[in-house]
>>> print(open('entry-v6.cif').read())   # mmCIF, C-alpha atoms
data_protein
#
loop_
_atom_site.group_PDB
_atom_site.id
_atom_site.type_symbol
_atom_site.label_atom_id
_atom_site.label_comp_id
_atom_site.auth_asym_id
_atom_site.auth_seq_id
_atom_site.Cartn_x
_atom_site.Cartn_y
_atom_site.Cartn_z
ATOM 1 C CA MET A 1 5.685 88.153 88.542
ATOM 2 C CA TYR A 2 7.664 85.120 89.609
ATOM 3 C CA ARG A 3 8.287 82.902 86.595
ATOM 4 C CA GLY A 4 8.591 79.423 87.924
ATOM 5 C CA ARG A 5 8.775 76.161 86.105
ATOM 6 C CA GLU A 6 5.987 73.642 85.399
ATOM 7 C CA GLY A 7 4.757 73.465 88.998
ATOM 8 C CA GLN A 8 4.183 77.222 89.062
ATOM 9 C CA TRP A 9 2.174 77.106 85.830
ATOM 10 C CA ALA A 10 0.170 74.110 87.041
ATOM 11 C CA TYR A 11 -0.695 76.039 90.221
ATOM 12 C CA PHE A 12 -1.525 79.249 88.336
ATOM 13 C CA LEU A 13 -3.773 77.469 85.789
ATOM 14 C CA HIS A 14 -5.498 75.523 88.589
ATOM 15 C CA ARG A 15 -6.332 78.767 90.414
ATOM 16 C CA ILE A 16 -7.501 80.719 87.359
ATOM 17 C CA THR A 17 -9.683 77.827 86.094
ATOM 18 C CA GLY A 18 -11.031 77.300 89.629
ATOM 19 C CA VAL A 19 -12.076 80.944 90.012
ATOM 20 C CA ALA A 20 -13.641 80.927 86.527
ATOM 21 C CA LEU A 21 -15.529 77.709 87.281
ATOM 22 C CA VAL A 22 -17.002 78.841 90.600
ATOM 23 C CA LEU A 23 -18.155 82.143 89.035
ATOM 24 C CA TYR A 24 -19.741 80.136 86.203
ATOM 25 C CA LEU A 25 -21.303 77.753 88.774
ATOM 26 C CA LEU A 26 -22.979 80.606 90.698
ATOM 27 C CA LEU A 27 -24.344 82.130 87.467
ATOM 28 C CA HIS A 28 -25.450 78.696 86.174
ATOM 29 C CA VAL A 29 -27.356 77.696 89.348
ATOM 30 C CA PHE A 30 -29.006 81.146 89.436
ATOM 31 C CA ASP A 31 -30.052 80.799 85.761
ATOM 32 C CA ILE A 32 -31.449 77.303 86.131
ATOM 33 C CA SER A 33 -33.355 78.302 89.279
ATOM 34 C CA LEU A 34 -35.375 80.685 87.081
ATOM 35 C CA VAL A 35 -37.385 77.610 85.934
ATOM 36 C CA MET A 36 -39.244 78.127 89.224
ATOM 37 C CA TYR A 37 -41.070 81.048 87.550
ATOM 38 C CA GLY A 38 -42.698 78.522 85.202
ATOM 39 C CA PRO A 39 -42.955 78.256 81.395
ATOM 40 C CA ASP A 40 -44.152 81.868 81.089
ATOM 41 C CA GLY A 41 -41.365 83.216 83.285
ATOM 42 C CA PRO A 42 -38.012 84.691 82.250
ATOM 43 C CA PHE A 43 -36.251 81.308 81.870
ATOM 44 C CA ASN A 44 -36.516 80.873 78.091
ATOM 45 C CA ALA A 45 -35.544 84.501 77.406
ATOM 46 C CA PHE A 46 -32.389 84.039 79.535
ATOM 47 C CA LEU A 47 -31.475 80.784 77.747
ATOM 48 C CA MET A 48 -32.005 82.272 74.284
ATOM 49 C CA PHE A 49 -29.673 85.091 75.300
ATOM 50 C CA TYR A 50 -26.981 82.576 76.337
ATOM 51 C CA HIS A 51 -27.438 80.524 73.161
ATOM 52 C CA GLN A 52 -25.805 83.323 71.155
ATOM 53 C CA TRP A 53 -22.405 82.305 69.768
ATOM 54 C CA PRO A 54 -20.091 84.364 72.036
ATOM 55 C CA PHE A 55 -21.568 82.666 75.115
ATOM 56 C CA ARG A 56 -21.358 79.246 73.457
ATOM 57 C CA ILE A 57 -17.637 79.831 72.841
ATOM 58 C CA GLY A 58 -17.480 80.775 76.528
ATOM 59 C CA LEU A 59 -19.166 77.467 77.421
ATOM 60 C CA VAL A 60 -16.568 75.545 75.389
ATOM 61 C CA MET A 61 -13.898 77.328 77.458
ATOM 62 C CA VAL A 62 -15.775 76.374 80.641
ATOM 63 C CA ILE A 63 -15.661 72.708 79.523
ATOM 64 C CA ALA A 64 -11.921 73.017 78.829
ATOM 65 C CA ALA A 65 -11.449 74.537 82.297
ATOM 66 C CA VAL A 66 -13.447 71.657 83.847
ATOM 67 C CA VAL A 67 -11.238 69.047 82.153
ATOM 68 C CA TYR A 68 -7.948 70.717 83.117
ATOM 69 C CA HIS A 69 -9.054 71.492 86.695
ATOM 70 C CA ALA A 70 -10.334 67.933 87.204
ATOM 71 C CA LEU A 71 -7.217 66.209 85.845
ATOM 72 C CA ASN A 72 -4.789 68.545 87.627
ATOM 73 C CA GLY A 73 -6.870 68.026 90.777
ATOM 74 C CA LEU A 74 -6.211 64.286 90.478
ATOM 75 C CA ARG A 75 -2.493 65.154 90.099
ATOM 76 C CA ILE A 76 -2.647 67.220 93.324
ATOM 77 C CA ILE A 77 -4.288 64.304 95.154
ATOM 78 C CA LEU A 78 -1.433 62.032 94.028
ATOM 79 C CA LEU A 79 1.161 64.633 95.120
ATOM 80 C CA ASP A 80 -0.403 64.951 98.565
ATOM 81 C CA PHE A 81 -1.281 61.346 99.396
ATOM 82 C CA THR A 82 1.459 59.215 97.824
ATOM 83 C CA THR A 83 5.163 59.017 98.635
ATOM 84 C CA TRP A 84 6.162 58.971 94.941
ATOM 85 C CA GLY A 85 3.886 61.765 93.657
ATOM 86 C CA ILE A 86 6.294 64.709 94.038
ATOM 87 C CA ARG A 87 9.021 62.868 92.084
ATOM 88 C CA TYR A 88 6.736 62.582 89.056
ATOM 89 C CA GLN A 89 4.924 65.940 89.368
ATOM 90 C CA ARG A 90 6.419 67.350 86.135
ATOM 91 C CA VAL A 91 5.668 64.344 83.928
ATOM 92 C CA MET A 92 2.203 64.137 85.511
ATOM 93 C CA TRP A 93 1.556 67.790 84.579
ATOM 94 C CA TYR A 94 2.474 67.129 80.948
ATOM 95 C CA THR A 95 0.193 64.076 81.118
ATOM 96 C CA VAL A 96 -2.604 66.349 82.391
ATOM 97 C CA LEU A 97 -2.055 68.730 79.437
ATOM 98 C CA GLY A 98 -1.929 65.784 77.028
ATOM 99 C CA VAL A 99 -5.114 64.131 78.284
ATOM 100 C CA THR A 100 -6.867 67.534 78.362
ATOM 101 C CA THR A 101 -6.013 67.886 74.666
ATOM 102 C CA VAL A 102 -7.046 64.301 73.869
ATOM 103 C CA ILE A 103 -10.458 64.918 75.503
ATOM 104 C CA GLY A 104 -10.730 68.492 74.221
ATOM 105 C CA VAL A 105 -10.238 67.876 70.500
ATOM 106 C CA PRO A 106 -13.242 65.514 70.013
ATOM 107 C CA VAL A 107 -15.358 67.903 72.138
ATOM 108 C CA LEU A 108 -14.390 70.759 69.814
ATOM 109 C CA VAL A 109 -15.106 68.605 66.740
ATOM 110 C CA LYS A 110 -18.564 67.854 68.164
ATOM 111 C CA ILE A 111 -19.515 71.343 69.412
ATOM 112 C CA LEU A 112 -17.907 73.890 67.031
ATOM 113 C CA PRO A 113 -20.070 72.838 64.015
ATOM 114 C CA GLU A 114 -23.162 73.248 66.226
ATOM 115 C CA ILE A 115 -22.132 76.833 66.962
ATOM 116 C CA PHE A 116 -21.120 77.826 63.440
ATOM 117 C CA GLY A 117 -23.739 75.881 61.544
ATOM 118 C CA GLY A 118 -21.547 73.230 59.929
ATOM 119 C CA ALA A 119 -23.655 70.334 61.246
ATOM 120 C CA MET B 1 -0.826 81.008 104.561
ATOM 121 C CA ALA B 2 2.257 81.984 102.617
ATOM 122 C CA VAL B 3 3.355 78.578 101.366
ATOM 123 C CA ARG B 4 0.915 75.792 100.626
ATOM 124 C CA PRO B 5 1.278 72.590 102.629
ATOM 125 C CA LYS B 6 2.595 69.807 100.420
ATOM 126 C CA ASN B 7 1.133 66.763 102.121
ATOM 127 C CA LEU B 8 -1.252 65.655 104.835
ATOM 128 C CA GLN B 9 1.368 65.845 107.620
ATOM 129 C CA GLU B 10 2.423 69.373 106.648
ATOM 130 C CA ALA B 11 -1.182 70.473 106.379
ATOM 131 C CA ARG B 12 -1.829 69.068 109.851
ATOM 132 C CA ASP B 13 1.230 70.794 111.335
ATOM 133 C CA ARG B 14 0.514 74.160 109.720
ATOM 134 C CA SER B 15 -3.217 74.370 110.321
ATOM 135 C CA ARG B 16 -4.132 77.037 112.812
ATOM 136 C CA ASN B 17 -7.151 74.983 113.728
ATOM 137 C CA ASN B 18 -8.907 71.759 112.823
ATOM 138 C CA ALA B 19 -11.409 73.545 110.565
ATOM 139 C CA GLU B 20 -8.769 74.561 108.009
ATOM 140 C CA LEU B 21 -7.315 71.040 108.074
ATOM 141 C CA ALA B 22 -10.802 69.612 107.514
ATOM 142 C CA TRP B 23 -11.293 71.953 104.526
ATOM 143 C CA TRP B 24 -7.906 70.880 103.112
ATOM 144 C CA VAL B 25 -8.986 67.229 103.265
ATOM 145 C CA PHE B 26 -12.500 68.081 102.029
ATOM 146 C CA MET B 27 -11.161 69.775 98.876
ATOM 147 C CA ARG B 28 -9.362 66.558 97.885
ATOM 148 C CA VAL B 29 -12.187 64.150 98.772
ATOM 149 C CA SER B 30 -14.929 66.286 97.185
ATOM 150 C CA GLY B 31 -12.682 66.920 94.173
ATOM 151 C CA LEU B 32 -12.383 63.189 93.546
ATOM 152 C CA PHE B 33 -16.187 62.772 93.570
ATOM 153 C CA LEU B 34 -16.701 65.923 91.489
ATOM 154 C CA VAL B 35 -14.490 64.596 88.679
ATOM 155 C CA PHE B 36 -17.097 61.892 88.025
ATOM 156 C CA LEU B 37 -20.206 63.982 88.824
ATOM 157 C CA VAL B 38 -19.195 66.965 86.665
ATOM 158 C CA PHE B 39 -17.898 64.875 83.744
ATOM 159 C CA ALA B 40 -21.222 62.973 83.660
ATOM 160 C CA HIS B 41 -23.191 66.245 83.895
ATOM 161 C CA VAL B 42 -21.218 67.885 81.064
ATOM 162 C CA PHE B 43 -21.421 64.727 78.933
ATOM 163 C CA VAL B 44 -25.207 64.389 79.239
ATOM 164 C CA ASN B 45 -25.981 68.072 78.601
ATOM 165 C CA ASN B 46 -23.301 69.028 76.061
ATOM 166 C CA ILE B 47 -22.192 65.890 74.205
ATOM 167 C CA LEU B 48 -25.289 63.654 74.054
ATOM 168 C CA ILE B 49 -27.388 66.642 72.944
ATOM 169 C CA ASN B 50 -26.817 70.000 71.273
ATOM 170 C CA VAL B 51 -26.834 72.371 74.258
ATOM 171 C CA ALA B 52 -28.572 75.024 72.131
ATOM 172 C CA THR B 53 -31.725 72.842 72.160
ATOM 173 C CA VAL B 54 -32.018 73.260 75.952
ATOM 174 C CA ASP B 55 -35.160 75.195 76.887
ATOM 175 C CA TYR B 56 -37.761 75.350 79.681
ATOM 176 C CA ASN B 57 -39.311 72.073 78.553
ATOM 177 C CA TYR B 58 -36.006 70.167 78.592
ATOM 178 C CA VAL B 59 -35.019 71.427 82.042
ATOM 179 C CA ALA B 60 -38.477 70.932 83.612
ATOM 180 C CA THR B 61 -38.708 67.379 82.224
ATOM 181 C CA ARG B 62 -35.199 66.555 83.440
ATOM 182 C CA LEU B 63 -35.628 68.024 86.928
ATOM 183 C CA ALA B 64 -38.928 66.175 87.398
ATOM 184 C CA LYS B 65 -37.033 62.827 87.397
ATOM 185 C CA PRO B 66 -36.204 61.506 90.903
ATOM 186 C CA GLY B 67 -32.810 60.138 89.769
ATOM 187 C CA VAL B 68 -31.800 63.527 88.376
ATOM 188 C CA LYS B 69 -32.959 65.222 91.600
ATOM 189 C CA VAL B 70 -30.730 62.977 93.737
ATOM 190 C CA PHE B 71 -27.742 63.175 91.349
ATOM 191 C CA ASP B 72 -28.015 66.953 90.993
ATOM 192 C CA THR B 73 -28.371 67.417 94.757
ATOM 193 C CA PHE B 74 -24.994 65.746 95.331
ATOM 194 C CA LEU B 75 -23.515 67.688 92.408
ATOM 195 C CA LEU B 76 -24.921 71.012 93.656
ATOM 196 C CA GLY B 77 -23.886 70.487 97.272
ATOM 197 C CA LEU B 78 -20.340 69.273 96.604
ATOM 198 C CA ALA B 79 -19.692 71.782 93.786
ATOM 199 C CA MET B 80 -20.899 74.742 95.860
ATOM 200 C CA LEU B 81 -18.860 73.752 98.937
ATOM 201 C CA HIS B 82 -15.748 72.970 96.856
ATOM 202 C CA GLY B 83 -16.038 76.066 94.651
ATOM 203 C CA VAL B 84 -16.985 78.620 97.297
ATOM 204 C CA ASN B 85 -14.342 77.348 99.733
ATOM 205 C CA GLY B 86 -11.784 77.544 96.918
ATOM 206 C CA LEU B 87 -12.757 81.145 96.178
ATOM 207 C CA ARG B 88 -12.627 81.946 99.913
ATOM 208 C CA VAL B 89 -9.017 80.687 99.994
ATOM 209 C CA VAL B 90 -8.107 82.649 96.841
ATOM 210 C CA ILE B 91 -9.607 85.818 98.384
ATOM 211 C CA GLY B 92 -7.681 85.124 101.592
ATOM 212 C CA ASP B 93 -4.430 84.808 99.628
ATOM 213 C CA ASN B 94 -4.900 87.837 97.394
ATOM 214 C CA ILE B 95 -6.707 90.568 99.352
ATOM 215 C CA ARG B 96 -4.168 91.911 101.830
ATOM 216 C CA ARG B 97 -6.273 94.427 103.818
ATOM 217 C CA PRO B 98 -7.927 92.422 106.636
ATOM 218 C CA GLY B 99 -11.102 94.556 106.768
ATOM 219 C CA LEU B 100 -11.714 94.398 103.028
ATOM 220 C CA ARG B 101 -10.839 90.679 102.931
ATOM 221 C CA PHE B 102 -13.375 89.936 105.676
ATOM 222 C CA TRP B 103 -16.234 91.799 103.980
ATOM 223 C CA VAL B 104 -15.536 90.351 100.530
ATOM 224 C CA GLN B 105 -15.693 86.892 102.102
ATOM 225 C CA VAL B 106 -18.933 87.777 103.921
ATOM 226 C CA VAL B 107 -20.532 88.942 100.642
ATOM 227 C CA LEU B 108 -19.306 85.749 98.913
ATOM 228 C CA ILE B 109 -20.828 83.496 101.594
ATOM 229 C CA VAL B 110 -24.158 85.393 101.689
ATOM 230 C CA VAL B 111 -24.564 85.376 97.885
ATOM 231 C CA SER B 112 -23.532 81.701 97.685
ATOM 232 C CA VAL B 113 -25.951 80.568 100.402
ATOM 233 C CA GLY B 114 -28.755 82.439 98.612
ATOM 234 C CA ILE B 115 -27.959 80.776 95.263
ATOM 235 C CA PHE B 116 -27.543 77.358 96.928
ATOM 236 C CA VAL B 117 -30.997 77.664 98.545
ATOM 237 C CA ALA B 118 -32.470 78.644 95.157
ATOM 238 C CA GLY B 119 -30.798 75.573 93.650
ATOM 239 C CA VAL B 120 -32.180 73.205 96.302
ATOM 240 C CA MET B 121 -35.661 74.714 95.883
ATOM 241 C CA THR B 122 -35.371 74.253 92.108
ATOM 242 C CA LEU B 123 -34.617 70.557 92.627
ATOM 243 C CA TRP B 124 -37.091 69.696 95.388
ATOM 244 C CA ALA B 125 -39.786 72.339 95.968
ATOM 245 C CA PHE B 126 -41.665 72.243 92.656
ATOM 246 C CA SER B 127 -43.776 69.870 90.615
ATOM 247 C CA TYR B 128 -42.960 71.006 87.111
ATOM 248 C CA ARG B 129 -46.097 69.531 85.551
ATOM 249 C CA GLU B 130 -48.530 71.550 87.640
ATOM 250 C CA MET B 131 -46.328 74.555 88.150
ATOM 251 C CA GLY B 132 -47.412 76.585 85.139
ATOM 252 C CA ASP B 133 -50.965 76.807 86.497
ATOM 253 C CA ALA B 134 -49.842 77.432 90.070
ATOM 254 C CA ILE B 135 -47.652 80.355 89.011
ATOM 255 C CA ARG B 136 -50.477 81.817 86.916
ATOM 256 C CA ASP B 137 -52.850 81.537 89.917
ATOM 257 C CA LEU B 138 -50.305 83.227 92.182
ATOM 258 C CA THR B 139 -49.665 86.127 89.855
ATOM 259 C CA SER B 140 -53.265 86.711 88.727
ATOM 260 C CA GLY B 141 -54.050 88.227 92.126
ATOM 261 C CA HIS B 142 -56.719 85.744 93.284
#
>>> encode(input="entry-v6.cif", output="structure tokens")
Amino acid sequence: MYRGREGQWAYFLHRITGVALVLYLLLHVFDISLVMYGPDGPFNAFLMFYHQWPFRIGLVMVIAAVVYHALNGLRIILLDFTTWGIRYQRVMWYTVLGVTTVIGVPVLVKILPEIFGGA
Amino acid sequence: MAVRPKNLQEARDRSRNNAELAWWVFMRVSGLFLVFLVFAHVFVNNILINVATVDYNYVATRLAKPGVKVFDTFLLGLAMLHGVNGLRVVIGDNIRRPGLRFWVQVVLIVVSVGIFVAGVMTLWAFSYREMGDAIRDLTSGH
């Protein structure tokens, strides 16, 4: 595998989070559409299944992927539509990682106790 | 497409046709909207509440609201187009055999259209208050 610098990792993470998010999206829309079977249908059984802790950890990772993909997407827009974007691509990527962490930590503080019963 | 275009002019020059150029622009425009739509969606359903409390009642009550229907329709439409087109490009870049690549993309589009239609029906085709009875009538055989 080609080991590039920051730009390569930004690209790789954007792709892997993007693929994960669209697979989650398809599953999520399918799940929610089960409400059409009504209150006695399979909807609640499906949700209870996904409320188990391994899937809730998975959902936290989905949220992390959303934040990174969104912020790096904004970086890509700046690279493509401004004259100065390319010059600052590296510092913008570290900004993306920083802001992802700044958003991610309070989300973890809020959600992890819900999963493991601390709240 | 071996090397990604780096700006609008390069994308325009490299595009084999106008459709691929339109998709390139669409990914950036839809992405900008999706940042706000998806952040709001995640915030309302994961931060304002404990997501483990979500059940049939919560979803049916939420989807019965006209504002949620309109918001979620934009979210569903843009997210599906952005996500499925992204996956189409990833498949195009990573599956080398043309025959296999074509059929994987066909399966992706067919499955996605089916799920999108289910999503639109979920938002617009049902009155959640009366639905429990309607479903029971349908399935009781009379």
>>> residues_near_point(input="entry-v6.cif", point="(-20.7, 77.8, 64.9)", cutoff="12 Å", atoms="all atoms listed in the file", output="list of chain:residue names")
A:His51, A:Gln52, A:Trp53, A:Pro54, A:Phe55, A:Arg56, A:Ile57, A:Val60, A:Leu108, A:Val109, A:Lys110, A:Ile111, A:Leu112, A:Pro113, A:Glu114, A:Ile115, A:Phe116, A:Gly117, A:Gly118, A:Ala119, B:Asn50, B:Ala52
>>> closest_atom_pairs(input="entry-v6.cif", of="chain A", to="chain B", cutoff="7 Å", atoms="all atoms listed in the file", output="CSV")
residue,atom,partner,partner_atom,distance
A:Val19,CA,B:Leu87,CA,6.2
A:Val22,CA,B:Gly83,CA,5.0
A:Leu26,CA,B:Ile115,CA,6.8
A:Val29,CA,B:Gly119,CA,5.9
A:Phe30,CA,B:Ile115,CA,5.9
A:Ser33,CA,B:Thr122,CA,5.3
A:Val35,CA,B:Tyr56,CA,6.7
A:Met36,CA,B:Thr122,CA,6.2
A:Tyr37,CA,B:Ile135,CA,6.8
A:Gly38,CA,B:Gly132,CA,5.1
A:Pro39,CA,B:Gly132,CA,6.1
A:Phe43,CA,B:Tyr56,CA,6.5
A:Asn44,CA,B:Tyr56,CA,5.9
A:Leu47,CA,B:Asp55,CA,6.7
A:His51,CA,B:Ala52,CA,5.7
A:Ala70,CA,B:Val35,CA,5.5
A:Gly73,CA,B:Gly31,CA,6.8
A:Leu74,CA,B:Leu32,CA,7.0
A:Ile77,CA,B:Arg28,CA,6.2
A:Asp80,CA,B:Asn7,CA,4.3
A:Phe81,CA,B:Asn7,CA,6.5
>>> write_last_selection(input="entry-v6.cif", atoms="C-alpha atoms", output="PDB file, in the frame of the given file")
ATOM      1  CA  VAL A  19     -12.076  80.944  90.012  1.00  0.00           C
ATOM      2  CA  VAL A  22     -17.002  78.841  90.600  1.00  0.00           C
ATOM      3  CA  LEU A  26     -22.979  80.606  90.698  1.00  0.00           C
ATOM      4  CA  VAL A  29     -27.356  77.696  89.348  1.00  0.00           C
ATOM      5  CA  PHE A  30     -29.006  81.146  89.436  1.00  0.00           C
ATOM      6  CA  SER A  33     -33.355  78.302  89.279  1.00  0.00           C
ATOM      7  CA  VAL A  35     -37.385  77.610  85.934  1.00  0.00           C
ATOM      8  CA  MET A  36     -39.244  78.127  89.224  1.00  0.00           C
ATOM      9  CA  TYR A  37     -41.070  81.048  87.550  1.00  0.00           C
ATOM     10  CA  GLY A  38     -42.698  78.522  85.202  1.00  0.00           C
ATOM     11  CA  PRO A  39     -42.955  78.256  81.395  1.00  0.00           C
ATOM     12  CA  PHE A  43     -36.251  81.308  81.870  1.00  0.00           C
ATOM     13  CA  ASN A  44     -36.516  80.873  78.091  1.00  0.00           C
ATOM     14  CA  LEU A  47     -31.475  80.784  77.747  1.00  0.00           C
ATOM     15  CA  HIS A  51     -27.438  80.524  73.161  1.00  0.00           C
ATOM     16  CA  ALA A  70     -10.334  67.933  87.204  1.00  0.00           C
ATOM     17  CA  GLY A  73      -6.870  68.026  90.777  1.00  0.00           C
ATOM     18  CA  LEU A  74      -6.211  64.286  90.478  1.00  0.00           C
ATOM     19  CA  ILE A  77      -4.288  64.304  95.154  1.00  0.00           C
ATOM     20  CA  ASP A  80      -0.403  64.951  98.565  1.00  0.00           C
ATOM     21  CA  PHE A  81      -1.281  61.346  99.396  1.00  0.00           C
TER      22      PHE A  81
END
>>> residues_around(input="entry-v6.cif", residues="Gly92 of chain B", least_positions_apart="6", cutoff="9 Å", atoms="all atoms listed in the file", output="PyMOL selection string")
chain B and resi 1+98+101-102+105
>>> atom_distance(input="entry-v6.cif", atom1="atom CA of Gly104 of chain A", atom2="atom CA of Tyr50 of chain A")
21.6 Å
>>> axis_aligned_box(input="entry-v6.cif", around="segment 95-98 of chain B", padding_each_side="4 Å", output="lines of an AutoDock Vina configuration file")
center_x = -6.0
center_y = 92.5
center_z = 103.0
size_x = 11.8
size_y = 11.9
size_z = 15.3
>>> closest_residue(input="entry-v6.cif", among="B:Val110, B:Leu21, B:Ile95, B:Ala40", to="Phe71 of chain B", atoms="all atoms listed in the file")
B:Ala40
>>> atom_distance(input="entry-v6.cif", atom1="atom CA of Arg87 of chain A", atom2="atom CA of Leu71 of chain A")
17.7 Å
>>> atom_distance(input="entry-v6.cif", atom1="atom CA of Val67 of chain A", atom2="atom CA of Ile103 of chain A")
7.9 Å
>>> build_atoms(input="entry-v6.cif", residues="segment 47-64 of chain B", atoms="N, CA, C and O atoms", output="short mmCIF file (atom, residue, chain, number, x, y, z; two decimals), in the coordinates of the input")
data_model
loop_
_atom_site.label_atom_id
_atom_site.label_comp_id
_atom_site.auth_asym_id
_atom_site.auth_seq_id
_atom_site.Cartn_x
_atom_site.Cartn_y
_atom_site.Cartn_z
N ILE B 47 -22.69 66.81 75.23
CA ILE B 47 -22.19 65.89 74.20
C ILE B 47 -23.34 65.04 73.65
O ILE B 47 -23.48 64.88 72.45
N LEU B 48 -24.18 64.48 74.53
CA LEU B 48 -25.29 63.65 74.05
C LEU B 48 -26.32 64.48 73.29
O LEU B 48 -27.01 63.98 72.41
N ILE B 49 -26.46 65.77 73.66
CA ILE B 49 -27.39 66.64 72.94
C ILE B 49 -26.65 67.89 72.48
O ILE B 49 -25.53 68.15 72.92
N ASN B 50 -27.30 68.66 71.60
CA ASN B 50 -26.82 70.00 71.27
C ASN B 50 -27.34 70.94 72.36
O ASN B 50 -28.54 71.08 72.55
N VAL B 51 -26.42 71.58 73.09
CA VAL B 51 -26.83 72.37 74.26
C VAL B 51 -27.76 73.54 73.86
O VAL B 51 -28.53 74.03 74.67
N ALA B 52 -27.71 73.92 72.58
CA ALA B 52 -28.57 75.02 72.13
C ALA B 52 -30.04 74.61 72.07
O ALA B 52 -30.92 75.47 71.94
N THR B 53 -30.33 73.28 72.16
CA THR B 53 -31.72 72.84 72.16
C THR B 53 -32.32 72.88 73.57
O THR B 53 -33.50 72.61 73.74
N VAL B 54 -31.51 73.20 74.58
CA VAL B 54 -32.02 73.26 75.95
C VAL B 54 -32.99 74.43 76.09
O VAL B 54 -32.70 75.55 75.69
N ASP B 55 -34.18 74.14 76.63
CA ASP B 55 -35.16 75.19 76.89
C ASP B 55 -35.94 74.84 78.16
O ASP B 55 -35.60 73.88 78.85
N TYR B 56 -36.99 75.60 78.46
CA TYR B 56 -37.76 75.35 79.68
C TYR B 56 -38.23 73.91 79.74
O TYR B 56 -38.12 73.24 80.77
N ASN B 57 -38.75 73.42 78.62
CA ASN B 57 -39.31 72.07 78.55
C ASN B 57 -38.28 71.01 78.92
O ASN B 57 -38.55 70.10 79.71
N TYR B 58 -37.09 71.13 78.33
CA TYR B 58 -36.01 70.17 78.59
C TYR B 58 -35.65 70.15 80.07
O TYR B 58 -35.57 69.09 80.70
N VAL B 59 -35.46 71.34 80.65
CA VAL B 59 -35.02 71.43 82.04
C VAL B 59 -36.12 70.92 82.99
O VAL B 59 -35.85 70.15 83.92
N ALA B 60 -37.38 71.35 82.73
CA ALA B 60 -38.48 70.93 83.61
C ALA B 60 -38.67 69.41 83.55
O ALA B 60 -38.89 68.77 84.58
N THR B 61 -38.56 68.84 82.36
CA THR B 61 -38.71 67.38 82.22
C THR B 61 -37.59 66.66 82.97
O THR B 61 -37.81 65.66 83.66
N ARG B 62 -36.36 67.17 82.80
CA ARG B 62 -35.20 66.56 83.44
C ARG B 62 -35.31 66.63 84.97
O ARG B 62 -35.11 65.63 85.67
N LEU B 63 -35.63 67.83 85.48
CA LEU B 63 -35.63 68.02 86.93
C LEU B 63 -36.82 67.35 87.60
O LEU B 63 -36.88 67.25 88.82
N ALA B 64 -37.80 66.89 86.81
CA ALA B 64 -38.93 66.18 87.40
C ALA B 64 -38.56 64.73 87.72
O ALA B 64 -39.27 64.05 88.46
#
